[in-house]
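> Here you go, this is structure-v7.txt (compact mmCIF, C-alpha atoms).
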```txt
# COMPACT_ATOMS: atom_id res chain seq x y z
CA MET A 128 16.81 -33.05 -25.66
CA ILE A 129 14.79 -34.58 -28.50
CA ASP A 130 12.78 -32.02 -30.43
CA PHE A 131 9.60 -34.00 -30.99
CA LYS A 132 7.82 -31.05 -32.60
CA SER A 133 10.41 -30.78 -35.35
CA ILE A 134 10.38 -34.57 -35.87
CA GLN A 135 6.61 -34.59 -36.21
CA LYS A 136 6.69 -31.67 -38.63
CA ARG A 137 9.32 -33.34 -40.79
CA GLN A 138 7.37 -36.57 -40.90
CA THR A 139 4.28 -34.83 -42.25
CA GLU A 140 6.25 -33.18 -45.03
CA VAL A 141 6.49 -34.83 -48.40
CA VAL A 142 10.05 -35.00 -49.70
CA LYS A 143 10.50 -33.87 -53.29
CA GLY A 144 10.90 -36.93 -55.51
CA SER A 145 9.53 -39.31 -52.87
CA LEU A 146 6.94 -41.90 -53.89
CA ALA A 147 4.16 -39.84 -52.32
CA ASP A 148 5.34 -36.76 -54.19
CA ILE A 149 5.42 -38.63 -57.51
CA ALA A 150 2.05 -40.26 -56.83
CA LYS A 151 0.49 -36.88 -56.17
CA ALA A 152 2.08 -35.26 -59.21
CA THR A 153 1.04 -38.05 -61.59
CA GLY A 154 -2.39 -38.82 -60.13
CA LYS A 155 -1.33 -42.36 -59.26
CA THR A 156 -1.71 -44.18 -55.98
CA ILE A 157 1.41 -44.78 -53.89
CA ALA A 158 1.18 -48.51 -54.64
CA GLU A 159 1.23 -47.69 -58.38
CA ALA A 160 4.17 -45.32 -57.90
CA PHE A 161 6.03 -48.17 -56.20
CA ILE A 162 6.01 -50.12 -59.49
CA ASP A 163 8.74 -47.82 -60.84
CA ALA A 164 10.85 -47.83 -57.66
CA GLU A 165 14.35 -49.19 -58.17
CA CYS A 166 15.53 -49.50 -54.61
CA VAL A 167 14.27 -49.94 -51.10
CA ALA A 168 16.23 -48.03 -48.46
CA LEU A 169 15.88 -49.67 -45.05
CA VAL A 170 16.89 -46.99 -42.58
CA ASP A 171 17.76 -47.76 -38.98
CA VAL A 172 15.91 -45.34 -36.69
CA SER A 173 16.79 -47.03 -33.39
CA GLY A 174 17.86 -45.11 -30.30
CA SER A 175 21.52 -44.90 -31.31
CA MET A 176 20.59 -42.84 -34.39
CA SER A 177 19.84 -39.96 -31.97
CA THR A 178 23.55 -39.64 -31.16
CA ASN A 179 24.75 -36.07 -31.84
CA ASP A 180 28.03 -37.03 -33.49
CA SER A 181 27.23 -36.49 -37.15
CA ARG A 182 27.92 -33.59 -39.48
CA ASP A 183 28.12 -30.25 -37.60
CA GLY A 184 27.13 -31.96 -34.37
CA GLN A 185 23.75 -33.02 -35.70
CA ARG A 186 22.04 -36.29 -34.88
CA ARG A 187 22.75 -39.21 -37.18
CA TYR A 188 19.02 -39.46 -37.81
CA ASP A 189 18.75 -35.83 -38.98
CA VAL A 190 21.68 -36.17 -41.35
CA ALA A 191 20.24 -39.44 -42.70
CA CYS A 192 16.97 -37.61 -43.45
CA GLN A 193 18.84 -34.83 -45.27
CA GLU A 194 20.90 -37.29 -47.32
CA LEU A 195 17.85 -39.37 -48.24
CA ALA A 196 15.96 -36.24 -49.28
CA LYS A 197 18.79 -35.24 -51.63
CA LEU A 198 18.87 -38.71 -53.12
CA GLN A 199 15.12 -38.80 -53.73
CA GLU A 200 15.25 -35.41 -55.40
CA LYS A 201 18.00 -36.65 -57.69
CA PHE A 202 16.21 -39.93 -58.47
CA PRO A 203 12.50 -39.03 -58.33
CA GLY A 204 10.23 -42.00 -57.71
CA LYS A 205 13.08 -44.47 -57.57
CA VAL A 206 13.69 -44.74 -53.82
CA ALA A 207 11.24 -46.34 -51.37
CA VAL A 208 12.05 -45.47 -47.78
CA ILE A 209 11.41 -47.93 -44.96
CA SER A 210 12.28 -47.08 -41.38
CA PHE A 211 13.01 -49.78 -38.87
CA ALA A 212 13.84 -50.12 -35.19
CA THR A 213 11.75 -52.54 -33.16
CA VAL A 214 9.14 -52.39 -35.94
CA ALA A 215 9.43 -51.50 -39.62
CA LYS A 216 7.31 -48.90 -41.43
CA PHE A 217 6.94 -47.84 -45.04
CA CYS A 218 7.46 -44.07 -45.33
CA PRO A 219 6.21 -43.01 -48.79
CA GLY A 220 6.67 -39.35 -47.86
CA GLY A 221 10.40 -40.00 -48.02
CA THR A 222 11.30 -39.29 -44.40
CA PRO A 223 12.03 -42.24 -42.14
CA THR A 224 9.84 -42.26 -39.03
CA HIS A 225 11.89 -41.64 -35.91
CA GLU A 226 11.15 -44.46 -33.51
CA GLY A 227 13.93 -45.27 -31.10
CA GLY A 228 14.09 -48.75 -29.59
CA GLY A 229 15.89 -51.85 -30.80
CA THR A 230 17.50 -52.79 -34.12
CA ASP A 231 15.41 -55.64 -35.44
CA VAL A 232 17.04 -56.21 -38.82
CA ALA A 233 15.36 -59.61 -39.22
CA GLU A 234 11.91 -58.06 -38.81
CA ALA A 235 12.77 -55.28 -41.24
CA LEU A 236 13.93 -57.76 -43.88
CA LYS A 237 10.80 -59.85 -43.35
CA PHE A 238 8.73 -56.68 -43.80
CA THR A 239 10.33 -55.83 -47.14
CA LYS A 240 10.56 -59.40 -48.42
CA ILE A 241 7.39 -58.84 -50.50
CA ALA A 242 9.32 -56.27 -52.55
CA ASP A 243 12.02 -58.84 -53.37
CA VAL A 244 11.06 -58.86 -57.04
CA GLU A 245 13.18 -58.93 -60.17
CA GLY A 246 15.19 -55.75 -60.64
CA MET A 247 14.79 -54.38 -57.09
CA ARG A 248 17.76 -53.30 -54.96
CA PHE A 249 17.90 -53.18 -51.18
CA PHE A 250 20.05 -50.84 -49.11
CA LEU A 251 20.28 -51.61 -45.41
CA ILE A 252 21.49 -48.52 -43.56
CA SER A 253 22.35 -49.09 -39.92
CA ASP A 254 24.66 -47.89 -37.18
CA GLY A 255 24.24 -50.65 -34.67
CA GLN A 256 24.21 -54.26 -33.77
CA PRO A 257 21.11 -56.24 -34.67
CA ASP A 258 18.85 -57.65 -31.97
CA ASP A 259 19.25 -61.12 -33.43
CA GLU A 260 22.16 -61.53 -35.82
CA ALA A 261 21.41 -65.15 -36.75
CA ALA A 262 17.76 -64.40 -37.52
CA ALA A 263 18.78 -61.44 -39.69
CA MET A 264 21.26 -63.58 -41.66
CA LYS A 265 18.62 -66.27 -42.11
CA VAL A 266 16.05 -63.86 -43.56
CA ALA A 267 18.68 -62.17 -45.75
CA GLY A 268 19.51 -65.62 -47.13
CA THR A 269 15.98 -65.93 -48.52
CA TYR A 270 16.35 -62.81 -50.70
CA LYS A 271 16.64 -63.22 -54.48
CA CYS A 272 17.85 -59.65 -54.92
CA ARG A 273 21.11 -58.37 -53.53
CA ILE A 274 21.20 -56.43 -50.29
CA ASP A 275 23.82 -53.69 -50.09
CA THR A 276 24.66 -52.42 -46.64
CA ILE A 277 25.91 -49.03 -45.50
CA TYR A 278 27.33 -48.75 -42.03
CA VAL A 279 26.65 -45.32 -40.53
CA GLY A 280 28.01 -45.72 -37.00
CA ALA A 281 31.35 -44.87 -35.45
CA MET A 282 34.35 -46.39 -37.22
CA ASN A 283 35.57 -48.22 -34.11
CA ASP A 284 32.48 -50.46 -33.81
CA THR A 285 33.98 -53.38 -35.69
CA TYR A 286 31.32 -55.84 -34.54
CA ALA A 287 28.46 -53.94 -36.21
CA ARG A 288 30.55 -53.30 -39.32
CA ASN A 289 31.48 -56.95 -39.63
CA PHE A 290 27.85 -57.98 -39.30
CA LEU A 291 26.78 -55.68 -42.15
CA THR A 292 29.71 -56.80 -44.30
CA GLN A 293 28.76 -60.43 -43.75
CA LEU A 294 25.08 -59.81 -44.49
CA ALA A 295 25.87 -58.00 -47.73
CA SER A 296 28.31 -60.67 -48.77
CA ASN A 297 25.74 -63.44 -48.15
CA SER A 298 23.28 -61.83 -50.55
CA GLY A 299 25.84 -60.88 -53.19
CA GLY A 300 25.72 -57.22 -52.21
CA GLN A 301 28.33 -54.61 -51.34
CA ALA A 302 29.17 -53.25 -47.89
CA LEU A 303 30.09 -49.58 -47.63
CA THR A 304 30.73 -47.21 -44.75
CA ALA A 305 29.51 -43.64 -44.34
CA ASP A 306 31.19 -42.50 -41.15
CA ARG A 307 28.42 -41.35 -38.77
CA VAL A 308 26.06 -40.90 -41.72
CA ASP A 309 28.17 -38.24 -43.43
CA GLY A 310 28.26 -38.93 -47.18
CA LEU A 311 25.39 -41.45 -47.02
CA GLY A 312 23.66 -40.00 -50.06
CA GLU A 313 26.84 -40.11 -52.12
CA LYS A 314 27.41 -43.77 -51.18
CA MET A 315 23.86 -44.71 -52.10
CA MET A 316 24.12 -42.82 -55.36
CA LYS A 317 27.26 -44.77 -56.18
CA LEU A 318 25.49 -48.04 -55.49
CA LEU A 319 22.49 -47.00 -57.54
CA VAL A 320 24.38 -45.72 -60.55
CA VAL A 321 27.39 -47.97 -60.85
CA GLY A 322 26.45 -50.77 -58.47
CA VAL A 323 29.83 -50.66 -56.74
CA MET B 268 -17.12 -63.20 -56.59
CA ALA B 269 -19.41 -66.15 -56.16
CA ASN B 270 -18.80 -68.93 -58.60
CA ILE B 271 -22.00 -70.88 -58.85
CA ALA B 272 -23.74 -72.49 -61.77
CA PHE B 273 -26.06 -70.05 -63.46
CA PRO B 274 -29.45 -71.74 -63.67
CA ILE B 275 -30.55 -70.30 -67.01
CA THR B 276 -28.69 -69.38 -70.13
CA SER B 277 -27.73 -65.75 -70.36
CA THR B 278 -28.79 -65.73 -74.00
CA SER B 279 -32.35 -65.33 -72.77
CA THR B 280 -33.94 -62.16 -74.00
CA ALA B 281 -36.86 -62.40 -71.61
CA ARG B 282 -37.56 -59.09 -69.97
CA GLN B 283 -39.51 -60.44 -67.06
CA THR B 284 -37.88 -61.53 -63.85
CA GLN B 285 -37.98 -65.19 -63.09
CA THR B 286 -38.38 -66.70 -59.64
CA ILE B 287 -36.02 -69.57 -59.03
CA TYR B 288 -36.71 -70.41 -55.44
CA LYS B 289 -38.99 -69.27 -52.68
CA ALA B 290 -39.68 -70.83 -49.33
CA ALA B 291 -42.14 -69.44 -46.84
CA GLY B 292 -40.69 -66.60 -44.78
CA THR B 293 -37.40 -66.45 -46.66
CA PRO B 294 -36.11 -64.07 -49.30
CA GLU B 295 -36.69 -65.08 -52.91
CA ILE B 296 -34.03 -66.09 -55.40
CA LYS B 297 -34.74 -64.39 -58.72
CA ILE B 298 -33.13 -63.76 -62.08
CA PHE B 299 -33.25 -60.22 -63.40
CA ASP B 300 -32.57 -59.02 -66.91
CA ILE B 301 -30.93 -55.75 -65.87
CA ARG B 302 -30.34 -53.35 -68.73
CA TYR B 303 -28.67 -50.62 -66.70
CA VAL B 304 -27.42 -50.03 -63.17
CA GLY B 305 -27.15 -46.39 -62.15
CA TRP B 306 -24.90 -44.59 -59.71
CA VAL B 307 -25.05 -45.22 -55.99
CA LYS B 308 -26.63 -42.09 -54.53
CA LYS B 309 -27.53 -40.95 -51.07
CA ARG B 310 -31.34 -41.06 -50.79
CA SER B 311 -33.57 -38.87 -48.65
CA ASP B 312 -33.89 -41.64 -46.04
CA GLY B 313 -30.10 -41.70 -45.65
CA SER B 314 -29.61 -44.98 -47.52
CA GLN B 315 -27.06 -45.27 -50.33
CA THR B 316 -28.53 -47.19 -53.23
CA ALA B 317 -28.40 -47.65 -57.00
CA PHE B 318 -31.43 -48.43 -59.14
CA GLY B 319 -31.47 -51.17 -61.73
CA TRP B 320 -33.42 -50.73 -65.00
CA SER B 321 -35.35 -53.89 -65.76
CA GLY B 322 -38.52 -54.41 -67.80
CA GLY B 323 -38.50 -50.75 -68.85
CA GLU B 324 -38.51 -49.28 -65.35
CA TRP B 325 -36.33 -48.76 -62.28
CA SER B 326 -37.63 -51.85 -60.58
CA VAL B 327 -34.58 -53.19 -58.76
CA ILE B 328 -32.71 -51.58 -55.87
CA PHE B 329 -29.11 -52.36 -55.01
CA THR B 330 -27.64 -51.10 -51.77
CA LYS B 331 -24.09 -49.81 -51.85
CA SER B 332 -22.91 -52.63 -49.60
CA VAL B 333 -24.38 -55.28 -51.93
CA LEU B 334 -22.53 -53.79 -54.92
CA TYR B 335 -19.36 -53.29 -52.89
CA GLU B 336 -19.43 -56.93 -51.84
CA TRP B 337 -19.92 -58.19 -55.40
CA PHE B 338 -17.26 -55.97 -56.93
CA GLY B 339 -14.77 -56.47 -54.11
CA MET B 340 -14.71 -52.83 -53.04
CA ASP B 341 -13.36 -51.98 -49.62
CA GLU B 342 -15.65 -50.12 -47.21
CA ARG B 343 -12.67 -48.65 -45.36
CA PRO B 344 -11.39 -45.24 -46.40
CA GLN B 345 -8.49 -45.68 -48.78
CA GLU B 346 -6.45 -43.83 -51.34
CA SER B 347 -8.69 -44.88 -54.23
CA ALA B 348 -9.89 -48.07 -55.88
CA THR B 349 -7.13 -50.62 -56.31
CA LEU B 350 -6.28 -51.85 -59.80
CA TYR B 351 -7.83 -55.18 -58.80
CA GLN B 352 -11.08 -53.37 -58.04
CA VAL B 353 -10.87 -51.54 -61.37
CA LEU B 354 -10.65 -54.90 -63.13
CA CYS B 355 -13.21 -56.56 -60.82
CA VAL B 356 -10.90 -59.37 -59.82
CA LYS B 357 -9.61 -60.57 -56.50
CA PRO B 358 -5.92 -60.04 -55.68
CA GLU B 359 -5.40 -63.81 -55.90
CA ALA B 360 -6.93 -64.03 -59.40
CA THR B 361 -4.98 -66.04 -61.96
CA ALA B 362 -3.46 -64.40 -65.05
CA GLU B 363 -6.26 -65.94 -67.13
CA GLU B 364 -8.95 -64.54 -64.84
CA VAL B 365 -7.36 -61.09 -65.01
CA LYS B 366 -7.25 -61.24 -68.80
CA ALA B 367 -10.86 -62.44 -69.09
CA SER B 368 -12.12 -59.70 -66.80
CA TYR B 369 -10.09 -57.08 -68.66
CA ARG B 370 -11.63 -58.15 -71.98
CA ARG B 371 -15.13 -58.08 -70.55
CA LEU B 372 -14.72 -54.61 -69.05
CA ALA B 373 -12.85 -53.20 -72.04
CA LYS B 374 -15.79 -54.27 -74.20
CA GLN B 375 -18.28 -52.69 -71.79
CA TRP B 376 -16.43 -49.37 -71.67
CA HIS B 377 -15.04 -49.08 -75.19
CA PRO B 378 -15.72 -45.48 -76.27
CA ASP B 379 -17.03 -46.68 -79.64
CA ARG B 380 -19.83 -48.60 -77.92
CA CYS B 381 -20.31 -46.99 -74.53
CA LYS B 382 -22.02 -43.61 -74.87
CA GLU B 383 -21.39 -42.24 -71.41
CA LYS B 384 -19.38 -39.06 -71.31
CA ASP B 385 -16.50 -40.52 -69.26
CA ALA B 386 -16.30 -43.76 -71.24
CA ARG B 387 -12.83 -42.89 -72.55
CA THR B 388 -11.51 -42.16 -69.05
CA GLN B 389 -12.95 -45.39 -67.72
CA PHE B 390 -11.58 -47.32 -70.67
CA GLU B 391 -8.12 -45.84 -70.06
CA SER B 392 -8.30 -46.79 -66.37
CA ILE B 393 -9.13 -50.35 -67.37
CA GLN B 394 -6.26 -50.38 -69.87
CA HIS B 395 -3.87 -49.02 -67.25
CA ALA B 396 -5.00 -51.61 -64.69
CA TYR B 397 -4.40 -54.39 -67.18
CA ASP B 398 -1.04 -52.94 -68.20
CA VAL B 399 0.04 -53.53 -64.58
CA LEU B 400 -1.88 -56.65 -63.58
CA GLY B 401 -1.31 -58.37 -66.91
CA ASN B 402 2.46 -58.14 -66.45
CA GLU B 403 3.94 -60.54 -63.93
CA ASN B 404 6.76 -58.29 -62.72
CA LYS B 405 4.63 -55.13 -62.55
CA ARG B 406 1.92 -57.03 -60.73
CA ALA B 407 4.44 -58.31 -58.16
CA ARG B 408 5.73 -54.78 -57.62
CA TYR B 409 2.22 -53.41 -57.33
CA ASN B 410 1.33 -56.10 -54.78
CA ALA B 411 4.43 -55.11 -52.83
CA GLY B 412 3.33 -51.48 -52.97
CA LEU B 413 -0.14 -52.37 -51.71
CA ALA B 414 1.26 -54.46 -48.88
CA LEU B 415 3.70 -51.74 -47.85
CA VAL B 416 1.08 -49.00 -48.00
CA ALA B 417 -1.14 -51.08 -45.71
CA ASN B 418 1.59 -50.74 -43.09
CA SER B 419 2.77 -47.25 -43.77
CA THR B 420 2.82 -43.80 -42.29
CA VAL B 421 0.31 -42.53 -44.88
CA ASN B 422 -2.84 -42.40 -42.80
CA ARG B 423 -1.31 -41.61 -39.45
CA GLU B 424 1.34 -39.01 -40.08
CA MET B 425 0.32 -37.77 -43.51
CA PRO B 426 -3.36 -36.86 -43.41
CA ILE B 427 -2.83 -34.88 -46.60
CA LEU B 428 -2.58 -38.19 -48.45
CA ALA B 429 -5.41 -39.96 -46.70
CA TYR B 430 -8.63 -39.94 -48.67
CA ASP B 431 -12.04 -40.53 -47.23
CA THR B 432 -14.29 -42.26 -49.70
CA ALA B 433 -17.23 -42.48 -47.30
CA ASP B 434 -19.26 -39.85 -49.14
CA LEU B 435 -18.09 -40.54 -52.67
CA ILE B 436 -20.74 -41.82 -55.03
CA TYR B 437 -20.01 -45.16 -56.61
CA ARG B 438 -20.76 -46.57 -60.03
CA PRO B 439 -20.59 -50.30 -60.61
CA PRO B 440 -18.16 -51.23 -63.38
CA LEU B 441 -20.71 -53.46 -65.12
CA ARG B 442 -23.89 -51.78 -66.21
CA CYS B 443 -26.07 -54.63 -67.43
CA GLY B 444 -26.39 -58.37 -67.14
CA MET B 445 -28.46 -61.38 -66.22
CA LEU B 446 -28.33 -61.30 -62.47
CA LEU B 447 -29.14 -64.07 -60.06
CA CYS B 448 -30.06 -62.38 -56.80
CA GLU B 449 -31.47 -62.98 -53.38
CA VAL B 450 -34.24 -60.38 -53.09
CA GLN B 451 -37.21 -59.18 -51.15
CA ARG B 452 -40.17 -57.20 -52.38
CA SER B 453 -40.76 -53.61 -51.30
CA GLY B 454 -43.91 -52.24 -52.88
CA LYS B 455 -43.44 -52.46 -56.65
CA LYS B 456 -39.69 -52.82 -56.42
CA TRP B 457 -37.25 -55.57 -55.57
CA ILE B 458 -34.51 -54.95 -53.04
CA VAL B 459 -31.41 -57.05 -53.65
CA ASN B 460 -29.99 -58.61 -50.49
CA LYS B 461 -27.18 -60.40 -52.28
CA ILE B 462 -25.92 -60.82 -55.83
CA LEU B 463 -25.23 -64.49 -56.48
CA GLN B 464 -24.17 -64.34 -60.13
CA TRP B 465 -23.70 -61.68 -62.80
CA GLU B 466 -23.51 -62.87 -66.41
CA ASP B 467 -23.18 -60.82 -69.56
CA ILE B 468 -26.28 -60.65 -71.75
CA THR B 469 -25.56 -62.27 -75.10
CA ASN B 470 -27.73 -62.85 -78.15
CA TRP B 471 -28.14 -65.80 -80.49
CA ALA B 472 -25.23 -64.54 -82.62
CA GLY B 473 -22.90 -64.61 -79.62
CA GLN B 474 -22.78 -60.82 -79.33
CA THR B 475 -22.60 -59.17 -75.93
CA LEU B 476 -24.85 -56.32 -74.85
CA VAL B 477 -23.21 -53.03 -73.88
CA THR B 478 -25.48 -50.42 -72.39
CA SER B 479 -24.91 -46.81 -71.48
CA TRP B 480 -27.09 -43.88 -70.54
CA ARG B 481 -26.54 -40.74 -72.53
CA MET B 482 -27.33 -37.59 -70.57
CA GLY B 483 -30.89 -36.45 -71.29
CA ASP B 484 -32.09 -39.81 -72.64
CA ASP B 485 -35.08 -41.55 -71.11
CA LYS B 486 -33.72 -45.04 -71.57
CA PRO B 487 -30.33 -46.68 -71.99
CA THR B 488 -28.60 -47.02 -75.34
CA GLU B 489 -28.07 -50.68 -76.22
CA VAL B 490 -25.26 -51.81 -78.48
CA TRP B 491 -24.56 -55.45 -79.39
CA SER B 492 -20.99 -56.25 -80.26
```
Could I get this file's structure written as structure tokens?

Amino acid sequence: MIDFKSIQKRQTEVVKGSLADIAKATGKTIAEAFIDAECVALVDVSGSMSTNDSRDGQRRYDVACQELAKLQEKFPGKVAVISFATVAKFCPGGTPTHEGGGTDVAEALKFTKIADVEGMRFFLISDGQPDDEAAAMKVAGTYKCRIDTIYVGAMNDTYARNFLTQLASNSGGQALTADRVDGLGEKMMKLLVVGV
Amino acid sequence: MANIAFPITSTSTARQTQTIYKAAGTPEIKIFDIRYVGWVKKRSDGSQTAFGWSGGEWSVIFTKSVLYEWFGMDERPQESATLYQVLCVKPEATAEEVKASYRRLAKQWHPDRCKEKDARTQFESIQHAYDVLGNENKRARYNAGLALVANSTVNREMPILAYDTADLIYRPPLRCGMLLCEVQRSGKKWIVNKILQWEDITNWAGQTLVTSWRMGDDKPTEVWS
């Protein structure tokens, strides 16, 4: 059963090192804090992220939130979190909004296209197949910055993995795998620090 | 902001208002030599207005919405003024327009000339806004931040970060000028319906007037620079 109360509580909390946290600490607006962001993490929050097959039997979504929180604490003000499913949302508090629904990668990439400015990095974190693969590839092709992808589903879903590998490759990015979200933060850190 | 030809030179030092156009039953178009615009305050009748000092008295009334419209402020509750609003430019302003507005405001708020107690803070805000908007990459990132915030979880799921500016008092970023306005008379005062143009006041030597109101004074301090 989905614990909506705990989801709502988490979404009202401000993660340490998130853009909202930095904005509050420095007296800036969130838009101003975004100027110093180095990467945009697009996090899939579609229905499949509720699967209880991640670390210690937790949902993939919960583990993704934990990993993102650790990353933001380590790199304060550098990570902008965007959640996406059927629609995309900017989550300056650092916790992706749990939505459920489809996996509209094309819409998510269109949403973040405005942040495709010199020096920005994009991490697409997903466990599933996109609603429209061709549309997603087309939008990704318009990006000037590289898009790195991290597959966080089950290892045997080769179709979804191949899609993310192809998308990353088309934009000059890297494709990594964090089996059912475990180790997501470590993979992102690697991409951020050494770009591999 | 409106971009219309100003019908008289702003080097005029005339203190009287000048009627430009009046047709029967319509508001008048007038030019005012405004030496100081005060804060927008909530009045006893519930209105939110600022008074303009012209001809040695508070003879002109600006409503908050008139000033908001001219300075591009947003009536909706928001985090705080955007950097564009700080610099009095539209988001689509060119780099040259941003620079020109920055210079104008920096002159108006320079702590050496402006005598108001928060002049330094205002000046620093203007400097900070230009540091971002005057840099192509920073401006692009800031625009991205603004666009993302407009479609974010801030106001819905994070009320702690949502600010309500409805009751905040507002001070226009320019304090004096030759103003072309659409007005109507109310007793001895003029109520501004719309600001059509706002030019700096300059003298024959090409200097610009900077005015400020020191606490306790009975008239504004005027500095030409």
> So that I can see what lies close to region 289-292 of chain A, please list as a compact mmCIF listing (two decimals) with C-alpha atoms, in the coordinates of the input the residues with an atom at most 12 Å from it, counting only C-alpha atoms and leaving out residues fewer than 6 positions away in the same chain.

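Below you can see out.txt, which holds the result:
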```txt
# COMPACT_ATOMS: atom_id res chain seq x y z
CA VAL A 232 17.04 -56.21 -38.82
CA PHE A 250 20.05 -50.84 -49.11
CA LEU A 251 20.28 -51.61 -45.41
CA ILE A 252 21.49 -48.52 -43.56
CA SER A 253 22.35 -49.09 -39.92
CA ASP A 254 24.66 -47.89 -37.18
CA GLY A 255 24.24 -50.65 -34.67
CA GLN A 256 24.21 -54.26 -33.77
CA PRO A 257 21.11 -56.24 -34.67
CA ASP A 258 18.85 -57.65 -31.97
CA ASP A 259 19.25 -61.12 -33.43
CA GLU A 260 22.16 -61.53 -35.82
CA ALA A 261 21.41 -65.15 -36.75
CA ALA A 263 18.78 -61.44 -39.69
CA MET A 264 21.26 -63.58 -41.66
CA ALA A 267 18.68 -62.17 -45.75
CA ILE A 274 21.20 -56.43 -50.29
CA ASP A 275 23.82 -53.69 -50.09
CA THR A 276 24.66 -52.42 -46.64
CA ILE A 277 25.91 -49.03 -45.50
CA TYR A 278 27.33 -48.75 -42.03
CA VAL A 279 26.65 -45.32 -40.53
CA GLY A 280 28.01 -45.72 -37.00
CA MET A 282 34.35 -46.39 -37.22
CA ASN A 283 35.57 -48.22 -34.11
CA SER A 298 23.28 -61.83 -50.55
CA GLY A 299 25.84 -60.88 -53.19
CA GLY A 300 25.72 -57.22 -52.21
CA GLN A 301 28.33 -54.61 -51.34
CA ALA A 302 29.17 -53.25 -47.89
CA LEU A 303 30.09 -49.58 -47.63
CA THR A 304 30.73 -47.21 -44.75
```
> Which one is closest to Ala281 (chain A): A:Thr230, A:Pro203, A:Ala262, A:Asp180? Count all atoms listed in the file.
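Looking only at the distances to Ala281 (chain A), the closest residue turns out to be A:Asp180.
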> Need the shell around region 441-452 of chain B: protein/DNA/RNA residues with any atom at most 6 Å away, counting all atoms listed in the file. Skip same-chain ones fewer than 4 positions apart. Format as a PyMOL selection string?
chain B and resi 294-304+456-468
> Could you write those residues out with C-alpha atoms, as a CSV table (one decimal), in the coordinates of the input?

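Result went into result00.csv, see below:
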```
chain,number,residue,atom,x,y,z
B,294,PRO,CA,-36.1,-64.1,-49.3
B,295,GLU,CA,-36.7,-65.1,-52.9
B,296,ILE,CA,-34.0,-66.1,-55.4
B,297,LYS,CA,-34.7,-64.4,-58.7
B,298,ILE,CA,-33.1,-63.8,-62.1
B,299,PHE,CA,-33.2,-60.2,-63.4
B,300,ASP,CA,-32.6,-59.0,-66.9
B,301,ILE,CA,-30.9,-55.8,-65.9
B,302,ARG,CA,-30.3,-53.4,-68.7
B,303,TYR,CA,-28.7,-50.6,-66.7
B,304,VAL,CA,-27.4,-50.0,-63.2
B,456,LYS,CA,-39.7,-52.8,-56.4
B,457,TRP,CA,-37.2,-55.6,-55.6
B,458,ILE,CA,-34.5,-55.0,-53.0
B,459,VAL,CA,-31.4,-57.0,-53.6
B,460,ASN,CA,-30.0,-58.6,-50.5
B,461,LYS,CA,-27.2,-60.4,-52.3
B,462,ILE,CA,-25.9,-60.8,-55.8
B,463,LEU,CA,-25.2,-64.5,-56.5
B,464,GLN,CA,-24.2,-64.3,-60.1
B,465,TRP,CA,-23.7,-61.7,-62.8
B,466,GLU,CA,-23.5,-62.9,-66.4
B,467,ASP,CA,-23.2,-60.8,-69.6
B,468,ILE,CA,-26.3,-60.6,-71.8
```
> Got a sec to pull out which chain A residues are within 10 Å of chain B, counting all atoms listed in the file, and send them as a PyMOL selection string?
chain A and resi 135-141+147-148+150-151+155-164+207+209-210+215-220+222-224+238-247
> Of the residues B:Ser492, B:Trp325, B:Lys309, B:Lys366, which is the one nearest to Trp471 (chain B), using all atoms listed in the file?
B:Ser492
> Please compute the CA of Leu372 (chain B)-CA of Ala317 (chain B) distance, one decimal, in Å.
19.5 Å
> To one decimal in Å, tell me the separation between CA of Lys197 (chain A) and CA of Met316 (chain A).
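Distance reported for this atom pair: 10.0 Å.
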> For the atom pair CA of Glu391 (chain B) and CA of Lys357 (chain B), what is the interatomic distance in Å to one decimal place?
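Interatomic distance here is 20.1 Å.
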> Find the residues near Pro440 (chain B): any atom within 9 Å, counting only C-alpha atoms, skip ones fewer than 2 places away on the same chain, and give them as JSON, numbers by chain.
{"B": [338, 353, 354, 355, 372, 375, 376, 389, 438, 442]}
> For Asp379 (chain B), please output as a list in words all residues within 12 Å (counting all atoms listed in the file; exclusion window: fewer than 4 positions along the same chain).
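Here the answer would be Ala373, Lys374, Gln375, Glu383, Lys384, Ala386, Arg387, Phe390, Val477, Thr478, Ser479, Val490, Trp491 and Ser492 of chain B.
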> Determine the axis-aligned bounding box of all atoms of region 172-175 of chain A present in the file, pad each side by 5 Å, and express its centre and edge lengths in Å to one decimal place as AutoDock Vina command-line options.

```
--center_x 18.7 --center_y -46.0 --center_z -33.5 --size_x 15.6 --size_y 12.1 --size_z 16.4
```
> Within 6 Å of (-23.3, -48.7, -78.4) (file coordinates; only C-alpha atoms), which protein or nucleic acid residues are there? I'd like them as an MDAnalysis selection string.
chainID B and resid 380:381 489:490
